[in-house]
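Novice: If it helps, the file is called data.cif and holds mmCIF, C-alpha atoms:
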```
data_input
loop_
_atom_site.label_atom_id
_atom_site.label_comp_id
_atom_site.auth_asym_id
_atom_site.auth_seq_id
_atom_site.Cartn_x
_atom_site.Cartn_y
_atom_site.Cartn_z
CA MET I 1 109.77 -84.96 134.59
CA ALA I 2 109.09 -81.30 133.76
CA LEU I 3 112.09 -79.94 135.65
CA ALA I 4 114.41 -82.55 134.16
CA ALA I 5 113.31 -81.44 130.68
CA GLY I 6 113.67 -77.75 131.48
CA ALA I 7 109.91 -77.04 131.57
CA ASP I 8 108.14 -75.00 134.23
CA PRO I 9 105.93 -77.41 136.24
CA ASP I 10 103.52 -74.54 137.00
CA LEU I 11 102.75 -74.21 133.27
CA LEU I 12 101.96 -77.88 132.57
CA SER I 13 98.69 -78.78 130.93
CA TRP I 14 97.29 -82.21 130.19
CA PRO I 15 93.91 -83.55 129.21
CA ARG I 16 91.85 -86.24 130.92
CA GLN I 17 92.36 -88.88 128.27
CA VAL I 18 89.22 -90.74 127.23
CA HIS I 19 90.21 -92.74 124.10
CA GLY I 20 88.47 -90.35 121.74
CA ALA I 21 89.27 -87.84 119.02
CA ARG I 22 88.79 -84.50 120.79
CA VAL I 23 91.62 -81.96 120.52
CA VAL I 24 91.94 -79.01 122.92
CA ARG I 25 94.17 -76.00 123.23
CA ALA I 26 96.27 -76.11 126.41
CA ASN I 27 94.55 -74.27 129.24
CA GLY I 28 95.56 -76.23 132.36
CA ARG I 29 91.98 -77.29 133.10
CA GLY I 30 92.26 -81.02 132.36
CA GLU I 31 89.43 -81.16 129.84
CA GLU I 32 88.44 -84.52 128.37
CA ALA I 33 90.46 -84.95 125.20
CA ASP I 34 93.14 -87.13 123.65
CA ALA I 35 95.18 -84.41 121.99
CA ILE I 36 96.42 -81.12 123.35
CA TRP I 37 98.24 -78.30 121.55
CA THR I 38 99.79 -74.90 122.17
CA ASP I 39 101.60 -72.12 120.38
CA GLU I 40 102.56 -70.39 123.65
CA PRO I 41 106.23 -70.62 124.67
CA GLY I 42 106.80 -72.26 128.05
CA VAL I 43 103.44 -74.06 128.27
CA GLY I 44 104.24 -77.73 128.77
CA LEU I 45 101.98 -80.40 127.34
CA VAL I 46 101.69 -83.90 128.80
CA VAL I 47 100.03 -87.15 127.72
CA VAL I 48 100.47 -90.54 129.35
CA THR I 49 100.35 -94.01 127.81
CA ALA I 50 100.70 -97.66 128.76
CA ASP I 51 100.25 -99.34 125.33
CA CYS I 52 98.60 -96.57 123.32
CA LEU I 53 100.89 -94.42 121.19
CA PRO I 54 102.21 -91.02 122.20
CA ILE I 55 102.46 -88.87 119.08
CA ALA I 56 104.22 -85.50 119.02
CA LEU I 57 103.44 -83.00 116.26
CA VAL I 58 105.50 -79.90 115.55
CA ARG I 59 104.63 -77.09 113.14
CA THR I 60 107.76 -76.69 111.02
CA ALA I 61 107.10 -73.29 109.39
CA GLY I 62 105.54 -70.07 110.57
CA ALA I 63 104.75 -69.53 114.23
CA PRO I 64 105.96 -72.43 116.42
CA ALA I 65 103.32 -74.85 117.73
CA VAL I 66 103.33 -78.32 119.28
CA CYS I 67 100.71 -80.97 119.91
CA LEU I 68 100.74 -84.23 121.88
CA VAL I 69 98.34 -87.02 120.99
CA HIS I 70 97.29 -90.09 122.97
CA ALA I 71 96.39 -92.59 120.23
CA GLY I 72 94.81 -95.96 120.90
CA TRP I 73 92.70 -97.93 118.47
CA ARG I 74 89.51 -96.01 119.34
CA GLY I 75 91.11 -92.61 118.84
CA LEU I 76 92.78 -93.72 115.62
CA ALA I 77 89.48 -95.10 114.31
CA ASP I 78 87.64 -91.90 115.29
CA GLY I 79 90.19 -89.55 113.68
CA VAL I 80 92.27 -88.14 116.56
CA VAL I 81 95.35 -87.88 114.34
CA GLU I 82 93.52 -86.03 111.59
CA ALA I 83 91.89 -83.68 114.12
CA ALA I 84 95.24 -82.92 115.77
CA VAL I 85 96.93 -82.18 112.44
CA ALA I 86 94.05 -79.87 111.48
CA ALA I 87 94.19 -78.07 114.84
CA LEU I 88 97.91 -77.41 114.54
CA GLY I 89 97.83 -76.37 110.87
CA GLY I 90 100.77 -75.66 108.61
CA PRO I 91 103.52 -78.05 107.59
CA ILE I 92 104.03 -80.60 110.37
CA ALA I 93 106.63 -83.14 111.45
CA ALA I 94 105.54 -86.08 113.60
CA PHE I 95 107.19 -88.43 116.06
CA VAL I 96 105.37 -91.65 116.99
CA GLY I 97 106.61 -93.06 120.30
CA PRO I 98 106.57 -96.59 121.68
CA GLY I 99 103.34 -98.53 122.04
CA ILE I 100 102.11 -102.07 121.94
CA GLY I 101 103.29 -103.81 118.77
CA PRO I 102 101.50 -106.15 116.39
CA CYS I 103 103.51 -108.95 118.01
CA CYS I 104 101.39 -108.57 121.18
CA TYR I 105 98.22 -106.71 120.22
CA GLU I 106 95.49 -109.21 119.52
CA VAL I 107 92.06 -107.74 118.85
CA GLY I 108 88.62 -109.08 118.11
CA PRO I 109 87.11 -109.12 114.63
CA ASP I 110 85.01 -106.01 115.35
CA VAL I 111 88.15 -103.92 115.99
CA ALA I 112 90.14 -105.50 113.14
CA GLU I 113 87.33 -104.78 110.67
CA ARG I 114 87.35 -101.06 111.55
CA PHE I 115 90.85 -100.91 110.05
CA GLY I 116 90.25 -103.30 107.13
CA ASN I 117 92.37 -105.93 108.84
CA ASN I 118 91.63 -109.62 108.31
CA GLY I 119 94.03 -110.86 110.98
CA ARG I 120 93.87 -111.06 114.76
CA THR I 121 96.60 -108.50 115.46
CA LEU I 122 96.71 -104.75 114.98
CA ASP I 123 99.71 -102.57 114.10
CA LEU I 124 98.91 -99.23 115.77
CA ARG I 125 102.16 -97.62 114.56
CA ALA I 126 101.43 -98.42 110.91
CA ILE I 127 97.84 -97.19 111.30
CA ALA I 128 99.05 -93.96 112.94
CA GLU I 129 101.70 -93.38 110.27
CA ARG I 130 99.15 -93.91 107.49
CA ALA I 131 96.74 -91.46 109.19
CA LEU I 132 99.52 -88.88 109.58
CA ARG I 133 100.58 -89.17 105.93
CA ASP I 134 96.96 -89.09 104.72
CA ALA I 135 96.50 -85.89 106.79
CA GLY I 136 99.43 -84.28 104.94
CA VAL I 137 102.32 -84.93 107.33
CA HIS I 138 105.38 -85.67 105.20
CA GLU I 139 107.99 -86.12 107.92
CA VAL I 140 107.15 -89.05 110.24
CA THR I 141 109.65 -90.68 112.59
CA ARG I 142 108.65 -93.63 114.72
CA VAL I 143 110.05 -95.80 117.48
CA ASP I 144 109.29 -99.45 116.79
CA ALA I 145 109.51 -100.61 120.41
CA CYS I 146 106.74 -102.76 121.89
CA THR I 147 105.61 -101.71 125.35
CA SER I 148 104.29 -105.20 126.05
CA CYS I 149 107.48 -107.05 125.05
CA ASP I 150 109.94 -104.74 126.79
CA GLU I 151 109.16 -105.10 130.48
CA GLU I 152 112.51 -103.53 131.46
CA ARG I 153 111.74 -100.15 129.86
CA PHE I 154 107.97 -99.80 129.52
CA PHE I 155 104.69 -100.12 131.36
CA SER I 156 102.00 -102.13 129.56
CA HIS I 157 98.31 -102.10 130.40
CA ARG I 158 97.70 -105.31 128.50
CA ARG I 159 100.76 -107.23 129.71
CA ASP I 160 100.13 -106.24 133.34
CA ARG I 161 96.34 -106.73 133.13
CA GLY I 162 95.52 -103.11 133.94
CA ARG I 163 97.65 -102.81 137.10
CA THR I 164 100.55 -100.76 135.84
CA GLY I 165 102.17 -97.34 135.63
CA ARG I 166 102.29 -94.97 132.67
CA GLN I 167 104.92 -93.50 130.36
CA GLY I 168 104.71 -89.75 130.04
CA ALA I 169 105.38 -87.59 127.00
CA LEU I 170 106.22 -83.91 127.50
CA ALA I 171 106.53 -81.18 124.86
CA TYR I 172 106.83 -77.41 125.02
CA ILE I 173 108.10 -74.46 123.02
CA ALA I 174 111.24 -73.06 124.64
#
```
Please express the file's structure as structure tokens.
Specialist:
Amino acid sequence: MALAAGADPDLLSWPRQVHGARVVRANGRGEEADAIWTDEPGVGLVVVTADCLPIALVRTAGAPAVCLVHAGWRGLADGVVEAAVAALGGPIAAFVGPGIGPCCYEVGPDVAERFGNNGRTLDLRAIAERALRDAGVHEVTRVDACTSCDEERFFSHRRDRGRTGRQGALAYIA
């Protein structure tokens, strides 16, 4: 993946994702976190997903910086988006990648209540976009593809009952 994107595989850094809200600066050590950022050219960032959302953040003014976020319901509820935006600083543009859609994401009442939802389904993309905008991100682009519905293109933890692969997101400053 790194070579195909033009990144140096020796400079890749990714966290051990734990469905939380911790944000770390890229250091190649695989710390527990669900968001990773850098302002160093050539340092590649990686997160993997299989229903959670990959979110890319880019500082749009001043010194270049990028951040990748792994955002599931726990991380969204605990503030991973807000923490990532704060870590990056400055004006930011965001891209929200594919994840499980409200068409397929049934949750229990305890999870639904954390987001003020009365129904049985959760719309992670809408929750992430609201969190991004509330954190001051004005430019948000999102892919409205459901990883559970689209078996041809995506892995899905829920659809495949935990026995599946992962999609990877890669970002770096050239």
Novice: Any idea what the distance is between atom CA of I:Gly44 and atom CA of I:Gly79?
Specialist: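 So the answer is 23.8 Å.
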Novice: When the PyMOL selection byres ((chain I and resi 134-150) around 6) is applied to the file above, which residues end up in the set, as a list in words?
Specialist: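 Given this file, the PyMOL selection byres ((chain I and resi 134-150) around 6) evaluates to Asp51, Glu82, Ile92, Ala93, Ala94, Phe95, Val96, Gly97, Pro98, Gly99, Ile100, Gly101, Arg130, Ala131, Leu132, Arg133, Glu151, Glu152, Arg153, Phe154, Ser156 and Arg159 of chain I.
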Novice: One number please: atom CA of I:His70 to atom CA of I:Ala171, in Å, one decimal.
Specialist: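 That distance, rounded to one decimal, is 13.0 Å.
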Novice: Please determine, counting only C-alpha atoms, which residue among I:Ala87, I:Ala112, I:Ala71, I:Ala77 has the shortest atom-to-atom distance to I:Thr38.
Specialist: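 Among the listed residues, the smallest separation from I:Thr38 belongs to I:Ala87.
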Novice: Find the distance between atom CA of I:Ser13 and atom CA of I:Leu45 and write it in Å to one decimal.
Specialist: 5.1 Å
Novice: I'd like to know which of I:Val58, I:Gly162, I:Arg22, I:Gly42 is closest to I:Ala5, using all atoms listed in the file.
Specialist: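 The answer is I:Gly42, which sits nearest to I:Ala5.
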Novice: Determine the residue membership of the PyMOL selection byres ((chain I and resi 14) around 9) for the file above and supply it as a list in words.
Specialist: Leu12, Ser13, Pro15, Arg16, Gln17, Ala26, Asn27, Gly28, Arg29, Gly30, Glu31, Ala33, Ala35, Ile36, Gly44, Leu45, Val46, Val47 and Val48 of chain I
Novice: Exactly which residues make up the result of the PyMOL selection byres ((chain I and resi 7) around 9) on this file, given as a list in words?
Specialist: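 Output of the PyMOL selection byres ((chain I and resi 7) around 9): Met1, Ala2, Leu3, Ala4, Ala5, Gly6, Asp8, Pro9, Asp10, Leu11, Leu12, Gly42, Val43, Gly44, Leu170, Ala171, Tyr172 and Ala174 of chain I.
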Novice: Report as a list of chain:residue names all protein, DNA and RNA residues lying within 12 Å of I:Val111, evaluated on only C-alpha atoms, omitting residues in the same chain fewer than 5 positions from it.
Specialist: I:Gly72, I:Trp73, I:Arg74, I:Leu76, I:Ala77, I:Tyr105, I:Glu106, I:Gly116, I:Asn117, I:Asn118, I:Gly119, I:Arg120, I:Thr121, I:Leu122, I:Asp123, I:Leu124
Novice: List as a CSV table (one decimal) with C-alpha atoms, in the coordinates of the input the protein and nucleic acid residues near I:Trp37, meaning an atom at most 7 Å away when only C-alpha atoms are counted, but skip any in the same chain fewer than 5 places from it.
Specialist:
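Generated output (out.csv):
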```csv
chain,number,residue,atom,x,y,z
I,24,VAL,CA,91.9,-79.0,122.9
I,25,ARG,CA,94.2,-76.0,123.2
I,26,ALA,CA,96.3,-76.1,126.4
I,66,VAL,CA,103.3,-78.3,119.3
I,67,CYS,CA,100.7,-81.0,119.9
I,68,LEU,CA,100.7,-84.2,121.9
```
Novice: Of the candidates I:Gly20, I:Pro91, I:Gly168, I:Pro109, which shows the shortest atom-to-atom distance to I:Pro54, using only C-alpha atoms?
Specialist: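 Among I:Gly20, I:Pro91, I:Gly168, I:Pro109, it is I:Gly168 that comes nearest to I:Pro54.
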Novice: Find the residues near I:Ala21: any atom within 7 Å, counting all atoms listed in the file, skip ones fewer than 6 places away on the same chain, and give them as a JSON list (two decimals) with C-alpha atoms, in the frame of the given file.
Specialist:
```json
[["chain", "number", "residue", "atom", "x", "y", "z"],
["I", 33, "ALA", "CA", 90.46, -84.95, 125.20],
["I", 34, "ASP", "CA", 93.14, -87.13, 123.65],
["I", 75, "GLY", "CA", 91.11, -92.61, 118.84],
["I", 78, "ASP", "CA", 87.64, -91.90, 115.29],
["I", 79, "GLY", "CA", 90.19, -89.55, 113.68],
["I", 80, "VAL", "CA", 92.27, -88.14, 116.56],
["I", 83, "ALA", "CA", 91.89, -83.68, 114.12]]
```
Novice: Counting all atoms listed in the file, which of I:Leu88, I:Val81, I:Ala169, I:Cys103 gets nearest to I:Thr60?
Specialist: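 Among the listed residues, the smallest separation from I:Thr60 belongs to I:Leu88.
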Novice: Every residue with an atom at most 7 Å from (103.9, -92.9, 132.5) (file coordinates; only C-alpha atoms) is what I'm after, so could you write them as a list in words?
Specialist: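 Residues satisfying the cut-off, written out: Val48, Thr49, Ala50, Gly165, Arg166, Gln167 and Gly168 of chain I.
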Novice: Please complete stretch 35-55 of chain I with N, CA and C atoms and give it back as a PDB file, keeping the file's coordinate frame.
Specialist:
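Printed below is result-v3.pdb as written:
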```pdb
ATOM      1  N   ALA I  35      94.107 -85.182 122.607  1.00  0.00           N
ATOM      2  CA  ALA I  35      95.180 -84.410 121.990  1.00  0.00           C
ATOM      3  C   ALA I  35      95.134 -83.003 122.551  1.00  0.00           C
ATOM      4  N   ILE I  36      96.316 -82.446 122.761  1.00  0.00           N
ATOM      5  CA  ILE I  36      96.420 -81.120 123.350  1.00  0.00           C
ATOM      6  C   ILE I  36      97.505 -80.351 122.601  1.00  0.00           C
ATOM      7  N   TRP I  37      97.267 -79.070 122.328  1.00  0.00           N
ATOM      8  CA  TRP I  37      98.240 -78.300 121.550  1.00  0.00           C
ATOM      9  C   TRP I  37      98.419 -76.913 122.164  1.00  0.00           C
ATOM     10  N   THR I  38      99.536 -76.287 121.773  1.00  0.00           N
ATOM     11  CA  THR I  38      99.790 -74.900 122.170  1.00  0.00           C
ATOM     12  C   THR I  38     100.729 -74.244 121.172  1.00  0.00           C
ATOM     13  N   ASP I  39     100.620 -72.928 121.114  1.00  0.00           N
ATOM     14  CA  ASP I  39     101.600 -72.120 120.380  1.00  0.00           C
ATOM     15  C   ASP I  39     102.229 -71.103 121.322  1.00  0.00           C
ATOM     16  N   GLU I  40     102.020 -71.296 122.630  1.00  0.00           N
ATOM     17  CA  GLU I  40     102.560 -70.390 123.650  1.00  0.00           C
ATOM     18  C   GLU I  40     103.873 -70.935 124.215  1.00  0.00           C
ATOM     19  N   PRO I  41     104.964 -70.177 124.098  1.00  0.00           N
ATOM     20  CA  PRO I  41     106.230 -70.620 124.670  1.00  0.00           C
ATOM     21  C   PRO I  41     106.101 -70.872 126.178  1.00  0.00           C
ATOM     22  N   GLY I  42     106.758 -71.937 126.640  1.00  0.00           N
ATOM     23  CA  GLY I  42     106.800 -72.260 128.050  1.00  0.00           C
ATOM     24  C   GLY I  42     105.659 -73.104 128.578  1.00  0.00           C
ATOM     25  N   VAL I  43     104.567 -73.238 127.828  1.00  0.00           N
ATOM     26  CA  VAL I  43     103.440 -74.060 128.270  1.00  0.00           C
ATOM     27  C   VAL I  43     103.751 -75.516 127.935  1.00  0.00           C
ATOM     28  N   GLY I  44     103.927 -76.319 128.962  1.00  0.00           N
ATOM     29  CA  GLY I  44     104.240 -77.730 128.770  1.00  0.00           C
ATOM     30  C   GLY I  44     102.995 -78.561 128.572  1.00  0.00           C
ATOM     31  N   LEU I  45     103.076 -79.479 127.630  1.00  0.00           N
ATOM     32  CA  LEU I  45     101.980 -80.400 127.340  1.00  0.00           C
ATOM     33  C   LEU I  45     102.378 -81.792 127.814  1.00  0.00           C
ATOM     34  N   VAL I  46     101.423 -82.555 128.329  1.00  0.00           N
ATOM     35  CA  VAL I  46     101.690 -83.900 128.800  1.00  0.00           C
ATOM     36  C   VAL I  46     100.576 -84.845 128.352  1.00  0.00           C
ATOM     37  N   VAL I  47     100.954 -86.028 127.861  1.00  0.00           N
ATOM     38  CA  VAL I  47     100.030 -87.150 127.720  1.00  0.00           C
ATOM     39  C   VAL I  47     100.721 -88.363 128.322  1.00  0.00           C
ATOM     40  N   VAL I  48      99.925 -89.322 128.774  1.00  0.00           N
ATOM     41  CA  VAL I  48     100.470 -90.540 129.350  1.00  0.00           C
ATOM     42  C   VAL I  48      99.928 -91.748 128.589  1.00  0.00           C
ATOM     43  N   THR I  49     100.738 -92.808 128.524  1.00  0.00           N
ATOM     44  CA  THR I  49     100.350 -94.010 127.810  1.00  0.00           C
ATOM     45  C   THR I  49     100.854 -95.251 128.550  1.00  0.00           C
ATOM     46  N   ALA I  50     100.239 -96.387 128.219  1.00  0.00           N
ATOM     47  CA  ALA I  50     100.700 -97.660 128.760  1.00  0.00           C
ATOM     48  C   ALA I  50     100.434 -98.775 127.754  1.00  0.00           C
ATOM     49  N   ASP I  51     100.356 -98.493 126.523  1.00  0.00           N
ATOM     50  CA  ASP I  51     100.250 -99.340 125.330  1.00  0.00           C
ATOM     51  C   ASP I  51      99.805 -98.503 124.142  1.00  0.00           C
ATOM     52  N   CYS I  52      98.976 -97.490 124.386  1.00  0.00           N
ATOM     53  CA  CYS I  52      98.600 -96.570 123.320  1.00  0.00           C
ATOM     54  C   CYS I  52      99.841 -95.808 122.875  1.00  0.00           C
ATOM     55  N   LEU I  53      99.752 -95.147 121.741  1.00  0.00           N
ATOM     56  CA  LEU I  53     100.890 -94.420 121.190  1.00  0.00           C
ATOM     57  C   LEU I  53     100.907 -92.965 121.640  1.00  0.00           C
ATOM     58  N   PRO I  54     102.056 -92.465 122.057  1.00  0.00           N
ATOM     59  CA  PRO I  54     102.210 -91.020 122.200  1.00  0.00           C
ATOM     60  C   PRO I  54     102.698 -90.483 120.846  1.00  0.00           C
ATOM     61  N   ILE I  55     102.058 -89.469 120.354  1.00  0.00           N
ATOM     62  CA  ILE I  55     102.460 -88.870 119.080  1.00  0.00           C
ATOM     63  C   ILE I  55     102.712 -87.379 119.317  1.00  0.00           C
TER      64      ILE I  55
END
```
